[in-house]
Amino acid sequence: MPPRRPAPPPPSMQAYDDSANGSAFVPDEGGTTRARPVTRVPGAPAFLFKAHPLRWTVENGRLLPVLGKVKFIPGVGGCDADARTGKPRIGPARMEAEEGGWTIVPFDRIPDAHAAPGQAKSYLRTVDGRPDLVISIYDKVYPGSDRIECDLPRWYEFCDYLVSTGTIAPPSSHVLRNMLDRLRAHRDARAAKAITAPSVKAEVAQIEANIAVIEAELARRVEAPQAPAGGMAFNPEEAFHG
C-alpha cells in the first residue's frame with residue numbers, strides 16, 4: 001500500500017466582495033476543475049471621460065456633472081486608426097470634443113485613495129478573463145452576470161474631486177437657473193397629475209428636493225453683476241443700401 005500523502009496546507013484567506021475584481025481560488029479536488037465564471041457584460045473599449053459646462057444634474061441631493069465618453073473606436077467620434085499599427089488614435093477625437101466645448105478628463109485624475117494598491121492611477125480597469133472589456137473603477141460587474149452597478153459613494157467623491165481640483169468648472173449660475181426653470185415646470189406638471197394619481201406624490205416630493213438643492217446653491221453664491229453683452233449701433237440703411 002503506497003504511503004499516504006500529506007494534505008496540502010489550506011490557502012490563505014483574504015476578504016473580498018463578490019464583484020469581478022480578481023481571481024477566485026479553486027481547490028484541487030482531483031479530476032477536472034472549474035474556473036470562476038467571467039462577467040457576461042458586453043465588451044467595451046477604452047475611453048476617456050469628458051465634461052460639458054451645460055450638462056449637469058441633481059442626484060441624491062448633489063449637483064453632479066453628466067459625463068460623456070470619448071471612446072477608443074476608429075471611425076467613432078473623430079477617433080481614427082494608426083495607418084501602420086491599426087491601433088486607435090484618440091488625438092483627433094479629443095480635438096473634436098474640445099471644439100464642441102467639452103473638457104477631457106485625464107485618465108489619472110482620481111483621488112489618491114481610489115487608486116488600486118501598487119498600481120498606476122487610472123479611472124479605467126480591466127476585468128479578469130475579459131480582455132475585450134474596459135470599465136471604470138466605479139463600475140462593478142459580477143461573474144456569470146450581465147449586471148453593472150455603480151459604486152455611488154466613490155463616484156460622488158470622484159465628481160467632487162474633479163470640481164475641487166479645477167479639472168472641470170462648477171456649473172455657471174445661468175446653467176443652474178435653466179435647470180431650476182425646467183424642474184419647476186416639471187414639478188407643476190406632475191403636481192397636477194398627482195391630484196388624480198396619488199402615487200405621483202412621491203415623484204413630486206423628489207422634484208421638490210432637487211429644486212431645493214439648486215436654490216441653495218444659487219443662494220450660496222455671491223457674484224458680481226454681469227454686464228450685458230456689448231455691441232455697436234446698427235444702421236440698416238447703411239448695411240443694406242450702401
# chains A, B, ... in the order shown; residues from 1 in each chain; ligands from 1
>>> residues_around(residues="Asn60 (chain A)", least_positions_apart="4", cutoff="12 Å", atoms="only C-alpha atoms", output="PyMOL selection string")
chain A and resi 64+152-153+156+206-207+209-213
>>> residues_around(residues="region 130-141 of chain A", least_positions_apart="3", cutoff="10 Å", atoms="only C-alpha atoms", output="PyMOL selection string")
chain A and resi 18-21+38-49+107+110+114-116+122-127+144-156+158
>>> select_by_dssp(residues="region 17-238 of chain A", states="strand (DSSP E)", output="short mmCIF file (atom, residue, chain, number, x, y, z; two decimals) with C-alpha atoms, in the first residue's frame")
data_model
loop_
_atom_site.label_atom_id
_atom_site.label_comp_id
_atom_site.auth_asym_id
_atom_site.auth_seq_id
_atom_site.Cartn_x
_atom_site.Cartn_y
_atom_site.Cartn_z
CA PHE A 47 -12.39 55.60 -23.19
CA LEU A 48 -11.78 58.98 -21.61
CA PHE A 49 -14.43 60.80 -19.63
CA LYS A 50 -15.50 64.23 -20.92
CA ALA A 51 -17.47 67.01 -19.23
CA TRP A 56 -25.32 68.93 -15.00
CA THR A 57 -27.93 67.13 -12.94
CA VAL A 58 -29.12 66.71 -9.37
CA GLU A 59 -28.90 63.25 -7.80
CA ARG A 62 -25.88 66.51 -5.07
CA LEU A 63 -25.06 68.62 -8.09
CA LEU A 64 -23.22 66.30 -10.46
CA PRO A 65 -21.68 66.64 -13.92
CA GLY A 68 -19.77 61.59 -21.53
CA LYS A 69 -17.13 59.31 -23.07
CA VAL A 70 -14.58 59.63 -25.85
CA LYS A 71 -14.30 56.02 -26.97
CA ASP A 80 -9.19 57.10 -36.28
CA ALA A 81 -6.67 54.30 -36.65
CA PRO A 88 -6.94 53.68 -32.33
CA ARG A 89 -5.63 57.26 -32.30
CA THR A 103 -13.30 69.15 -21.30
CA ILE A 104 -11.38 65.87 -21.47
CA LEU A 124 -10.16 52.65 -16.03
CA ARG A 125 -9.68 48.99 -15.25
CA THR A 126 -9.76 45.65 -16.99
CA VAL A 127 -11.75 42.64 -15.82
CA ARG A 130 -12.31 39.60 -20.29
CA PRO A 131 -9.55 41.29 -22.30
CA ASP A 132 -12.25 42.81 -24.50
CA LEU A 133 -13.85 44.73 -21.63
CA VAL A 134 -12.65 48.02 -20.12
CA ILE A 135 -14.78 49.70 -17.45
CA SER A 136 -14.36 52.48 -14.93
CA ASP A 139 -18.40 50.15 -12.12
CA LYS A 140 -18.98 46.77 -10.51
CA VAL A 141 -19.58 43.67 -12.61
CA ILE A 148 -23.42 46.56 -14.00
CA GLU A 149 -23.72 48.57 -10.80
CA CYS A 150 -22.20 51.92 -9.86
#
>>> closest_residue(among="A:Gly101, A:Pro111, A:Pro53, A:Pro236", to="Glu157 (chain A)", atoms="only C-alpha atoms")
A:Pro111
>>> closest_residue(among="A:Lys87, A:Pro170, A:Ala202, A:Asn178", to="Arg221 (chain A)", atoms="only C-alpha atoms")
A:Pro170
>>> atom_distance(atom1="CA of Pro198 (chain A)", atom2="CA of Ala185 (chain A)")
18.9 Å
>>> closest_residue(among="A:Phe234, A:Phe72, A:Val222, A:His52", to="Glu98 (chain A)", atoms="only C-alpha atoms")
A:His52
>>> closest_residue(among="A:Ala219, A:Asp128, A:Arg55, A:Ile90", to="Val175 (chain A)", atoms="only C-alpha atoms")
A:Arg55
>>> atom_distance(atom1="CA of Val66 (chain A)", atom2="CA of Leu54 (chain A)")
9.0 Å
>>> closest_residue(among="A:Gly61, A:Pro143, A:Gly129, A:Gly91", to="Ile214 (chain A)", atoms="only C-alpha atoms")
A:Gly61
>>> decode(residues="region 107-132 of chain A", atoms="N, CA and C atoms", output="short mmCIF file (atom, residue, chain, number, x, y, z; two decimals), in the first residue's frame")
data_model
loop_
_atom_site.label_atom_id
_atom_site.label_comp_id
_atom_site.auth_asym_id
_atom_site.auth_seq_id
_atom_site.Cartn_x
_atom_site.Cartn_y
_atom_site.Cartn_z
N PHE A 107 -7.06 60.39 -17.63
CA PHE A 107 -7.41 59.09 -17.03
C PHE A 107 -6.86 58.92 -15.62
N ASP A 108 -5.82 59.69 -15.26
CA ASP A 108 -5.24 59.54 -13.93
C ASP A 108 -5.76 60.55 -12.92
N ARG A 109 -6.80 61.30 -13.29
CA ARG A 109 -7.33 62.34 -12.40
C ARG A 109 -8.36 61.73 -11.44
N ILE A 110 -7.87 61.03 -10.44
CA ILE A 110 -8.71 60.41 -9.42
C ILE A 110 -8.11 60.68 -8.06
N PRO A 111 -8.92 60.62 -6.99
CA PRO A 111 -8.35 60.76 -5.64
C PRO A 111 -7.32 59.66 -5.37
N ASP A 112 -6.29 60.00 -4.62
CA ASP A 112 -5.24 59.02 -4.32
C ASP A 112 -5.83 57.75 -3.70
N ALA A 113 -6.83 57.92 -2.86
CA ALA A 113 -7.42 56.78 -2.16
C ALA A 113 -8.15 55.83 -3.09
N HIS A 114 -8.44 56.27 -4.31
CA HIS A 114 -9.18 55.43 -5.26
C HIS A 114 -8.26 54.57 -6.12
N ALA A 115 -6.97 54.82 -6.06
CA ALA A 115 -6.04 54.03 -6.86
C ALA A 115 -5.85 52.65 -6.23
N ALA A 116 -5.77 51.62 -7.07
CA ALA A 116 -5.54 50.27 -6.58
C ALA A 116 -4.12 50.18 -6.00
N PRO A 117 -3.95 49.52 -4.87
CA PRO A 117 -2.62 49.42 -4.25
C PRO A 117 -1.59 48.83 -5.22
N GLY A 118 -0.46 49.52 -5.33
CA GLY A 118 0.61 49.03 -6.17
C GLY A 118 0.40 49.21 -7.66
N GLN A 119 -0.67 49.92 -8.07
CA GLN A 119 -0.95 50.11 -9.49
C GLN A 119 -0.97 51.60 -9.82
N ALA A 120 -0.82 51.90 -11.10
CA ALA A 120 -0.85 53.28 -11.55
C ALA A 120 -2.24 53.87 -11.34
N LYS A 121 -2.32 55.19 -11.17
CA LYS A 121 -3.61 55.85 -11.02
C LYS A 121 -4.35 55.85 -12.35
N SER A 122 -5.57 55.39 -12.35
CA SER A 122 -6.40 55.39 -13.55
C SER A 122 -7.84 55.16 -13.15
N TYR A 123 -8.76 55.85 -13.84
CA TYR A 123 -10.17 55.57 -13.58
C TYR A 123 -10.69 54.45 -14.47
N LEU A 124 -9.80 53.80 -15.21
CA LEU A 124 -10.16 52.65 -16.03
C LEU A 124 -9.56 51.38 -15.43
N ARG A 125 -10.23 50.27 -15.68
CA ARG A 125 -9.68 48.99 -15.25
C ARG A 125 -10.14 47.89 -16.20
N THR A 126 -9.37 46.83 -16.24
CA THR A 126 -9.76 45.65 -16.99
C THR A 126 -10.46 44.68 -16.05
N VAL A 127 -11.03 43.63 -16.61
CA VAL A 127 -11.75 42.64 -15.82
C VAL A 127 -11.13 41.27 -16.08
N ASP A 128 -10.90 40.52 -15.02
CA ASP A 128 -10.29 39.20 -15.15
C ASP A 128 -11.06 38.34 -16.15
N GLY A 129 -10.32 37.73 -17.09
CA GLY A 129 -10.93 36.83 -18.05
C GLY A 129 -11.64 37.51 -19.20
N ARG A 130 -11.61 38.87 -19.24
CA ARG A 130 -12.31 39.60 -20.29
C ARG A 130 -11.40 40.68 -20.88
N PRO A 131 -10.44 40.29 -21.71
CA PRO A 131 -9.55 41.29 -22.30
C PRO A 131 -10.26 42.26 -23.23
N ASP A 132 -11.50 41.94 -23.62
CA ASP A 132 -12.25 42.81 -24.50
C ASP A 132 -13.06 43.86 -23.76
#
